[in-house]
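Raw contents of data-v5.cif, mmCIF, C-alpha atoms:
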```
data_protein
loop_
_atom_site.group_PDB
_atom_site.id
_atom_site.type_symbol
_atom_site.label_atom_id
_atom_site.label_comp_id
_atom_site.auth_asym_id
_atom_site.auth_seq_id
_atom_site.Cartn_x
_atom_site.Cartn_y
_atom_site.Cartn_z
ATOM 1 C CA MET A 1 122.606 16.968 102.195
ATOM 2 C CA THR A 2 121.910 20.036 104.348
ATOM 3 C CA HIS A 3 118.439 21.522 103.925
ATOM 4 C CA ALA A 4 117.696 25.223 104.264
ATOM 5 C CA VAL A 5 116.251 26.194 107.641
ATOM 6 C CA THR A 6 112.748 27.624 107.167
ATOM 7 C CA LYS A 7 110.838 26.498 110.289
ATOM 8 C CA ALA A 8 110.946 27.706 113.864
ATOM 9 C CA VAL A 9 109.481 26.141 117.003
ATOM 10 C CA ILE A 10 108.647 28.432 119.930
ATOM 11 C CA PRO A 11 107.874 26.635 123.223
ATOM 12 C CA ALA A 12 105.374 28.819 125.099
ATOM 13 C CA ALA A 13 103.475 26.507 127.431
ATOM 14 C CA GLY A 14 104.816 27.722 130.776
ATOM 15 C CA MET A 15 102.406 28.981 133.431
ATOM 16 C CA GLY A 16 104.346 32.133 134.339
ATOM 17 C CA THR A 17 103.983 31.651 138.081
ATOM 18 C CA ARG A 18 106.786 34.134 138.820
ATOM 19 C CA PHE A 19 104.525 36.916 137.538
ATOM 20 C CA LEU A 20 101.383 36.089 139.493
ATOM 21 C CA PRO A 21 98.891 37.660 139.886
ATOM 22 C CA ALA A 22 99.492 39.402 136.523
ATOM 23 C CA THR A 23 99.581 36.023 134.749
ATOM 24 C CA LYS A 24 96.494 34.603 136.437
ATOM 25 C CA ALA A 25 94.429 35.370 133.323
ATOM 26 C CA MET A 26 97.136 36.469 130.845
ATOM 27 C CA PRO A 27 99.920 34.345 129.349
ATOM 28 C CA LYS A 28 103.338 35.543 130.461
ATOM 29 C CA GLU A 29 104.344 35.780 126.798
ATOM 30 C CA MET A 30 101.688 38.483 126.332
ATOM 31 C CA LEU A 31 103.097 40.803 129.006
ATOM 32 C CA PRO A 32 103.993 44.032 127.184
ATOM 33 C CA VAL A 33 107.548 45.167 126.585
ATOM 34 C CA VAL A 34 106.783 48.844 125.918
ATOM 35 C CA ASP A 35 103.867 48.460 123.477
ATOM 36 C CA LYS A 36 104.331 44.945 122.069
ATOM 37 C CA PRO A 37 103.898 41.612 123.857
ATOM 38 C CA ALA A 38 107.148 39.826 124.606
ATOM 39 C CA ILE A 39 106.280 36.968 122.235
ATOM 40 C CA GLN A 40 106.106 39.336 119.252
ATOM 41 C CA TYR A 41 109.788 40.199 119.649
ATOM 42 C CA VAL A 42 110.576 36.477 119.405
ATOM 43 C CA VAL A 43 108.471 36.015 116.275
ATOM 44 C CA GLU A 44 110.051 39.109 114.702
ATOM 45 C CA GLU A 45 113.477 37.631 115.438
ATOM 46 C CA ALA A 46 112.576 34.431 113.605
ATOM 47 C CA VAL A 47 111.189 36.342 110.627
ATOM 48 C CA ALA A 48 114.289 38.569 110.430
ATOM 49 C CA ALA A 49 116.374 35.379 110.050
ATOM 50 C CA GLY A 50 114.156 34.138 107.203
ATOM 51 C CA LEU A 51 112.028 31.727 109.258
ATOM 52 C CA VAL A 52 108.395 32.386 108.389
ATOM 53 C CA ASP A 53 106.849 28.976 109.220
ATOM 54 C CA ILE A 54 106.425 29.092 112.993
ATOM 55 C CA LEU A 55 104.953 26.537 115.380
ATOM 56 C CA MET A 56 104.126 27.629 118.921
ATOM 57 C CA ILE A 57 103.888 24.899 121.535
ATOM 58 C CA THR A 58 101.267 26.192 123.953
ATOM 59 C CA GLY A 59 99.177 25.067 126.912
ATOM 60 C CA ARG A 60 96.000 25.912 128.757
ATOM 61 C CA ASN A 61 94.870 29.556 128.892
ATOM 62 C CA LYS A 62 97.112 30.550 125.972
ATOM 63 C CA ASN A 63 94.333 31.631 123.597
ATOM 64 C CA ALA A 64 95.568 35.227 123.756
ATOM 65 C CA LEU A 65 98.637 34.181 121.761
ATOM 66 C CA GLU A 66 96.484 32.992 118.891
ATOM 67 C CA ASN A 67 94.272 36.062 119.077
ATOM 68 C CA HIS A 68 97.249 38.399 118.920
ATOM 69 C CA PHE A 69 98.561 36.947 115.663
ATOM 70 C CA ASP A 70 95.060 36.637 114.160
ATOM 71 C CA ARG A 71 92.835 39.236 112.507
ATOM 72 C CA ASN A 72 90.586 41.442 114.641
ATOM 73 C CA TYR A 73 88.083 42.738 112.126
ATOM 74 C CA GLU A 74 86.074 44.807 114.613
ATOM 75 C CA LEU A 75 89.178 46.659 115.831
ATOM 76 C CA GLU A 76 90.495 47.094 112.298
ATOM 77 C CA SER A 77 87.158 48.523 111.126
ATOM 78 C CA THR A 78 87.016 50.915 114.081
ATOM 79 C CA LEU A 79 90.525 52.211 113.429
ATOM 80 C CA GLU A 80 89.840 52.528 109.711
ATOM 81 C CA ALA A 81 86.618 54.472 110.363
ATOM 82 C CA LYS A 82 88.527 56.850 112.636
ATOM 83 C CA GLY A 83 91.212 57.356 109.993
ATOM 84 C CA ASP A 84 93.849 56.105 112.441
ATOM 85 C CA ALA A 85 96.143 54.659 109.792
ATOM 86 C CA SER A 86 99.191 54.454 112.076
ATOM 87 C CA ARG A 87 97.567 52.231 114.686
ATOM 88 C CA LEU A 88 95.845 50.193 111.992
ATOM 89 C CA ARG A 89 99.264 49.401 110.486
ATOM 90 C CA GLU A 90 100.548 48.325 113.909
ATOM 91 C CA VAL A 91 97.559 46.050 114.468
ATOM 92 C CA MET A 92 97.830 44.513 111.005
ATOM 93 C CA TYR A 93 101.592 44.042 111.282
ATOM 94 C CA SER A 94 101.418 41.200 113.805
ATOM 95 C CA THR A 95 98.849 39.306 111.698
ATOM 96 C CA GLU A 96 101.046 39.439 108.607
ATOM 97 C CA LEU A 97 104.410 38.601 110.179
ATOM 98 C CA ALA A 98 104.500 34.871 109.465
ATOM 99 C CA ASN A 99 102.527 31.656 109.090
ATOM 100 C CA VAL A 100 101.962 30.849 112.757
ATOM 101 C CA HIS A 101 100.637 27.450 113.850
ATOM 102 C CA TYR A 102 99.720 26.246 117.342
ATOM 103 C CA LEU A 103 99.922 22.917 119.137
ATOM 104 C CA ARG A 104 99.234 22.176 122.797
ATOM 105 C CA GLN A 105 101.925 20.377 124.744
ATOM 106 C CA GLY A 106 99.498 18.589 127.042
ATOM 107 C CA ASP A 107 101.562 17.139 129.870
ATOM 108 C CA ALA A 108 104.242 19.541 131.101
ATOM 109 C CA LEU A 109 107.168 17.141 130.796
ATOM 110 C CA GLY A 110 109.941 19.576 129.956
ATOM 111 C CA LEU A 111 111.523 21.388 127.018
ATOM 112 C CA GLY A 112 112.560 18.140 125.336
ATOM 113 C CA HIS A 113 108.966 16.926 125.442
ATOM 114 C CA ALA A 114 107.729 20.235 123.985
ATOM 115 C CA ILE A 115 110.206 19.924 121.104
ATOM 116 C CA LEU A 116 109.168 16.330 120.499
ATOM 117 C CA LYS A 117 105.562 17.472 120.011
ATOM 118 C CA SER A 118 106.679 19.456 116.949
ATOM 119 C CA ARG A 119 107.882 16.385 115.045
ATOM 120 C CA GLN A 120 104.916 15.967 112.724
ATOM 121 C CA HIS A 121 104.984 19.633 111.738
ATOM 122 C CA VAL A 122 108.738 19.857 111.170
ATOM 123 C CA GLY A 123 109.308 16.488 109.474
ATOM 124 C CA ARG A 124 112.823 15.627 108.332
ATOM 125 C CA GLU A 125 114.159 19.170 108.146
ATOM 126 C CA PRO A 126 116.507 21.143 110.356
ATOM 127 C CA PHE A 127 114.643 23.723 112.419
ATOM 128 C CA ALA A 128 115.215 26.555 114.846
ATOM 129 C CA VAL A 129 114.044 26.657 118.445
ATOM 130 C CA LEU A 130 113.493 30.012 120.150
ATOM 131 C CA LEU A 131 112.497 30.029 123.804
ATOM 132 C CA GLY A 132 109.438 32.233 124.074
ATOM 133 C CA ASP A 133 110.502 34.131 127.193
ATOM 134 C CA ASN A 134 113.946 35.234 125.969
ATOM 135 C CA ILE A 135 114.507 38.533 124.140
ATOM 136 C CA PHE A 136 117.888 39.244 122.568
ATOM 137 C CA ALA A 137 119.180 42.722 121.797
ATOM 138 C CA ASP A 138 120.500 42.853 118.201
ATOM 139 C CA HIS A 139 118.924 39.445 117.779
ATOM 140 C CA GLU A 140 119.073 39.311 113.996
ATOM 141 C CA ALA A 141 122.830 38.732 113.978
ATOM 142 C CA LEU A 142 122.690 35.811 116.423
ATOM 143 C CA LEU A 143 119.969 33.706 114.815
ATOM 144 C CA ARG A 144 121.326 34.295 111.324
ATOM 145 C CA LYS A 145 124.751 33.122 112.486
ATOM 146 C CA LEU A 146 123.276 29.964 114.009
ATOM 147 C CA VAL A 147 121.607 29.193 110.684
ATOM 148 C CA GLU A 148 124.792 29.949 108.734
ATOM 149 C CA VAL A 149 126.912 27.732 110.994
ATOM 150 C CA HIS A 150 124.426 24.877 110.636
ATOM 151 C CA GLU A 151 124.473 25.222 106.854
ATOM 152 C CA ALA A 152 128.287 25.165 106.892
ATOM 153 C CA THR A 153 128.697 22.223 109.297
ATOM 154 C CA GLY A 154 125.481 20.199 109.089
ATOM 155 C CA ALA A 155 125.504 20.054 112.907
ATOM 156 C CA SER A 156 123.001 21.094 115.522
ATOM 157 C CA VAL A 157 123.990 24.573 116.678
ATOM 158 C CA VAL A 158 123.280 26.219 120.028
ATOM 159 C CA ALA A 159 123.831 29.744 121.280
ATOM 160 C CA LEU A 160 126.205 29.999 124.238
ATOM 161 C CA GLU A 161 126.838 32.853 126.646
ATOM 162 C CA GLU A 162 129.242 33.234 129.518
ATOM 163 C CA VAL A 163 127.314 33.533 132.778
ATOM 164 C CA PRO A 164 128.503 34.414 136.297
ATOM 165 C CA ALA A 165 129.809 31.493 138.350
ATOM 166 C CA SER A 166 126.949 31.967 140.819
ATOM 167 C CA GLU A 167 124.391 31.443 138.020
ATOM 168 C CA VAL A 168 125.889 28.442 136.204
ATOM 169 C CA HIS A 169 123.807 25.889 138.104
ATOM 170 C CA LYS A 170 120.623 27.270 136.500
ATOM 171 C CA TYR A 171 121.614 26.355 132.922
ATOM 172 C CA GLY A 172 122.742 23.686 130.537
ATOM 173 C CA VAL A 173 126.529 24.079 130.433
ATOM 174 C CA ALA A 174 128.965 23.131 127.657
ATOM 175 C CA THR A 175 132.406 21.583 127.405
ATOM 176 C CA ILE A 176 133.998 23.058 124.266
ATOM 177 C CA GLU A 177 136.863 22.511 121.834
ATOM 178 C CA ALA A 178 138.292 24.772 119.146
ATOM 179 C CA LEU A 179 136.731 24.246 115.730
ATOM 180 C CA GLY A 180 138.190 26.728 113.275
ATOM 181 C CA ALA A 181 139.424 30.269 112.763
ATOM 182 C CA ASP A 182 136.414 31.928 114.392
ATOM 183 C CA PRO A 183 136.935 31.764 118.181
ATOM 184 C CA ASP A 184 133.215 32.250 118.748
ATOM 185 C CA VAL A 185 132.307 29.066 116.838
ATOM 186 C CA VAL A 186 133.288 25.989 118.868
ATOM 187 C CA ARG A 187 132.763 22.252 118.890
ATOM 188 C CA ILE A 188 130.738 21.070 121.895
ATOM 189 C CA SER A 189 132.059 17.791 123.274
ATOM 190 C CA GLY A 190 129.766 17.581 126.287
ATOM 191 C CA LEU A 191 126.718 19.152 127.925
ATOM 192 C CA VAL A 192 125.277 18.913 131.420
ATOM 193 C CA GLU A 193 121.921 20.280 132.585
ATOM 194 C CA LYS A 194 121.937 22.332 135.814
ATOM 195 C CA PRO A 195 125.270 21.069 137.187
ATOM 196 C CA ALA A 196 125.780 21.068 140.951
ATOM 197 C CA PRO A 197 127.852 24.069 142.118
ATOM 198 C CA GLY A 198 131.534 23.365 141.663
ATOM 199 C CA THR A 199 131.040 20.607 139.086
ATOM 200 C CA GLU A 200 130.344 22.758 136.017
ATOM 201 C CA PRO A 201 132.710 22.135 133.058
ATOM 202 C CA SER A 202 132.715 25.822 132.062
ATOM 203 C CA ARG A 203 130.733 29.031 132.420
ATOM 204 C CA LEU A 204 129.379 28.787 128.866
ATOM 205 C CA ALA A 205 125.642 28.222 129.145
ATOM 206 C CA ILE A 206 123.027 27.448 126.513
ATOM 207 C CA SER A 207 121.040 30.632 126.084
ATOM 208 C CA GLY A 208 117.698 29.881 124.495
ATOM 209 C CA ARG A 209 118.407 29.700 120.754
ATOM 210 C CA TYR A 210 119.051 26.520 118.756
ATOM 211 C CA VAL A 211 119.159 25.159 115.229
ATOM 212 C CA LEU A 212 118.570 21.409 115.448
ATOM 213 C CA THR A 213 118.884 18.552 113.006
ATOM 214 C CA PRO A 214 115.854 16.225 112.706
ATOM 215 C CA GLU A 215 117.775 13.323 114.278
ATOM 216 C CA ILE A 216 117.083 15.032 117.609
ATOM 217 C CA TYR A 217 113.535 13.625 117.541
ATOM 218 C CA ASP A 218 114.624 9.980 117.666
ATOM 219 C CA THR A 219 117.031 10.816 120.473
ATOM 220 C CA LEU A 220 114.384 12.664 122.485
ATOM 221 C CA GLU A 221 112.015 9.703 122.183
ATOM 222 C CA SER A 222 114.499 7.490 124.023
ATOM 223 C CA THR A 223 115.782 10.103 126.488
ATOM 224 C CA PRO A 224 114.642 9.381 130.062
ATOM 225 C CA PRO A 225 113.549 12.183 132.400
ATOM 226 C CA GLY A 226 116.496 14.099 133.805
ATOM 227 C CA ALA A 227 116.819 17.188 136.003
ATOM 228 C CA GLY A 228 113.508 18.105 137.606
ATOM 229 C CA GLY A 229 111.939 14.862 136.384
ATOM 230 C CA GLU A 230 111.571 16.384 132.907
ATOM 231 C CA ILE A 231 112.755 15.335 129.451
ATOM 232 C CA GLN A 232 115.704 17.648 128.933
ATOM 233 C CA LEU A 233 116.756 18.822 125.487
ATOM 234 C CA THR A 234 120.258 19.250 126.905
ATOM 235 C CA ASP A 235 120.453 15.527 127.677
ATOM 236 C CA ALA A 236 119.536 14.642 124.088
ATOM 237 C CA LEU A 237 122.087 17.101 122.718
ATOM 238 C CA GLN A 238 124.697 15.592 125.044
ATOM 239 C CA GLN A 239 124.184 12.251 123.303
ATOM 240 C CA HIS A 240 124.731 13.926 119.916
ATOM 241 C CA ALA A 241 127.814 15.745 121.191
ATOM 242 C CA GLU A 242 129.357 12.463 122.381
ATOM 243 C CA SER A 243 128.420 10.303 119.396
ATOM 244 C CA GLY A 244 128.498 12.804 116.539
ATOM 245 C CA ARG A 245 124.963 11.791 115.622
ATOM 246 C CA GLY A 246 123.198 14.318 113.405
ATOM 247 C CA GLY A 247 126.511 16.024 112.720
ATOM 248 C CA GLY A 248 127.303 16.530 116.392
ATOM 249 C CA VAL A 249 126.806 19.841 118.207
ATOM 250 C CA VAL A 250 128.445 23.205 117.575
ATOM 251 C CA GLY A 251 128.218 26.306 119.749
ATOM 252 C CA VAL A 252 128.128 29.987 118.814
ATOM 253 C CA VAL A 253 129.289 32.229 121.652
ATOM 254 C CA TRP A 254 126.982 35.236 122.012
ATOM 255 C CA ARG A 255 128.406 38.401 123.603
ATOM 256 C CA GLY A 256 125.331 40.610 123.401
ATOM 257 C CA ARG A 257 122.478 41.115 125.831
ATOM 258 C CA ARG A 258 119.705 38.629 126.553
ATOM 259 C CA TYR A 259 116.694 39.253 128.735
ATOM 260 C CA ASP A 260 114.682 36.503 130.407
ATOM 261 C CA THR A 261 111.245 38.088 130.421
ATOM 262 C CA GLY A 262 110.069 35.356 132.799
ATOM 263 C CA ASP A 263 112.198 37.008 135.503
ATOM 264 C CA LYS A 264 110.900 40.247 137.039
ATOM 265 C CA LEU A 265 114.195 42.140 137.081
ATOM 266 C CA GLU A 266 115.185 40.977 133.594
ATOM 267 C CA TYR A 267 111.724 41.920 132.327
ATOM 268 C CA LEU A 268 112.156 45.466 133.640
ATOM 269 C CA LYS A 269 115.607 45.694 132.036
ATOM 270 C CA ALA A 270 114.129 44.633 128.700
ATOM 271 C CA ILE A 271 111.501 47.366 128.885
ATOM 272 C CA VAL A 272 114.117 50.024 129.679
ATOM 273 C CA GLU A 273 116.422 48.978 126.854
ATOM 274 C CA MET A 274 113.699 48.622 124.235
ATOM 275 C CA ALA A 275 112.234 51.998 125.172
ATOM 276 C CA ALA A 276 115.632 53.706 125.225
ATOM 277 C CA ARG A 277 116.484 52.389 121.731
ATOM 278 C CA ARG A 278 113.295 53.671 120.101
ATOM 279 C CA ASP A 279 113.421 56.776 117.917
ATOM 280 C CA ASP A 280 109.993 57.967 119.052
ATOM 281 C CA LEU A 281 110.455 57.383 122.794
ATOM 282 C CA GLY A 282 114.195 57.124 123.320
ATOM 283 C CA PRO A 283 115.361 60.744 123.520
ATOM 284 C CA GLU A 284 112.709 61.846 126.030
ATOM 285 C CA PHE A 285 112.854 58.591 127.985
ATOM 286 C CA ARG A 286 116.653 58.641 128.282
ATOM 287 C CA GLY A 287 116.513 62.256 129.461
ATOM 288 C CA TRP A 288 113.933 61.433 132.117
ATOM 289 C CA LEU A 289 115.888 58.350 133.196
ATOM 290 C CA LYS A 290 119.051 60.387 133.751
ATOM 291 C CA GLU A 291 117.121 62.908 135.835
ATOM 292 C CA TYR A 292 115.467 60.177 137.861
ATOM 293 C CA MET A 293 118.753 58.369 138.552
ATOM 294 C CA ALA A 294 120.356 61.650 139.657
ATOM 295 C CA GLU A 295 117.608 62.061 142.258
ATOM 296 C CA LEU A 296 118.123 58.642 143.860
#
```
How does this structure look as structure tokens?
Amino acid sequence: MTHAVTKAVIPAAGMGTRFLPATKAMPKEMLPVVDKPAIQYVVEEAVAAGLVDILMITGRNKNALENHFDRNYELESTLEAKGDASRLREVMYSTELANVHYLRQGDALGLGHAILKSRQHVGREPFAVLLGDNIFADHEALLRKLVEVHEATGASVVALEEVPASEVHKYGVATIEALGADPDVVRISGLVEKPAPGTEPSRLAISGRYVLTPEIYDTLESTPPGAGGEIQLTDALQQHAESGRGGGVVGVVWRGRRYDTGDKLEYLKAIVEMAARRDDLGPEFRGWLKEYMAEL
């Protein structure tokens, strides 16, 4: 019997060393993308797909994440006294988005280890995983489709995107087979984490969004450290893809835009796109951007 997906796990324990010194005292997930921290876009994505029970896997110096999604009575009272209803709504919005829980990862032993820490909270239900440093444009469609495909197949489902050949070695990469009428929904018969250049089975890489069956926990417990000496979620999913355990693994090919906000250039691209799409900022910002580019 397939259960409805209601829970999401967001791994957010990374140190953000690529953004030092900005992340010396601030979690990388709290770096602003226009006027919201990057992590809020991820939580909003989960909520838009109907997932309102959210567990963040955090680490040291991540208290700002909890503070952001908590009440700030002093700030709320100040804004209310000033009659600043617009900003008060924005402040309150993040506190009312979802039921957000927090758990520290402890030892930094990889994504698979972070997921394993969520076992007691999730229980025997399927659940979504959203990497905390990835922002997807038009994200609602992708996560909803992952949930729908899981409900139709009972399998673990991962988002896939085609990446340049020069970038394949940075990802978990899939071997695929046709599954049905939708060419963007495929059966995954094999997965390899960070393949050596020239050995990759395809250019379809796992791109930071998953819906997993609870059997993944037992598999992760017995999965030895892999690439980088870490417990790799990809290695556990490879076992499911080969054996069919937990319904096997299905992929949904994503053809939209994804931004890795842990990368400086990708972070800047995310800011530009999010600003350009906004009704309040977009028209003036796009006009300025065109003028600026013409001057270069």
(Q) Once the PyMOL selection byres ((chain A and resi 6-11) around 7) has been evaluated on this model, what residues remain selected, and can you format them as a ChimeraX atom specification? (A) /A:4-5,12-13,46,50-58,114,127-132
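On the file presented, the PyMOL selection byres ((chain A and resi 155) around 8) picks out A:His150, A:Thr153, A:Gly154, A:Ser156, A:Val157, A:Leu212, A:Thr213, A:Gly246, A:Gly247, A:Gly248, A:Val249, A:Val250.
Put simply, CA of Ala98 in chain A is 16.4 Å away from CA of Leu143 in chain A.
Minimum distance to Gly112 in chain A across A:Pro225, A:Pro283, A:Gly208, A:Pro37 (counting only C-alpha atoms) occurs at A:Pro225.
Going from CA of Thr199 in chain A over to CA of Arg255 in chain A, you cover 23.7 Å.
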Q: Counting only C-alpha atoms, figure out which residue out of A:Val192, A:Leu268, A:Leu289, A:Val253 gets nearest to Gln239 in chain A.
A: A:Val192
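Across the model, the gap from CA of Lys36 in chain A to CA of Ala64 in chain A is 13.2 Å.
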Q. Nearest to Leu204 in chain A: which of A:Glu167, A:Asp35, A:Glu161, A:Asp84 is it, counting only C-alpha atoms?
A. A:Glu161
Q. Applied to this file, what does the PyMOL selection byres ((chain A and resi 63) around 12) return in terms of residues, put as number ranges by chain?
A. A: 12-13, 25-30, 56-62, 64-70, 102-104
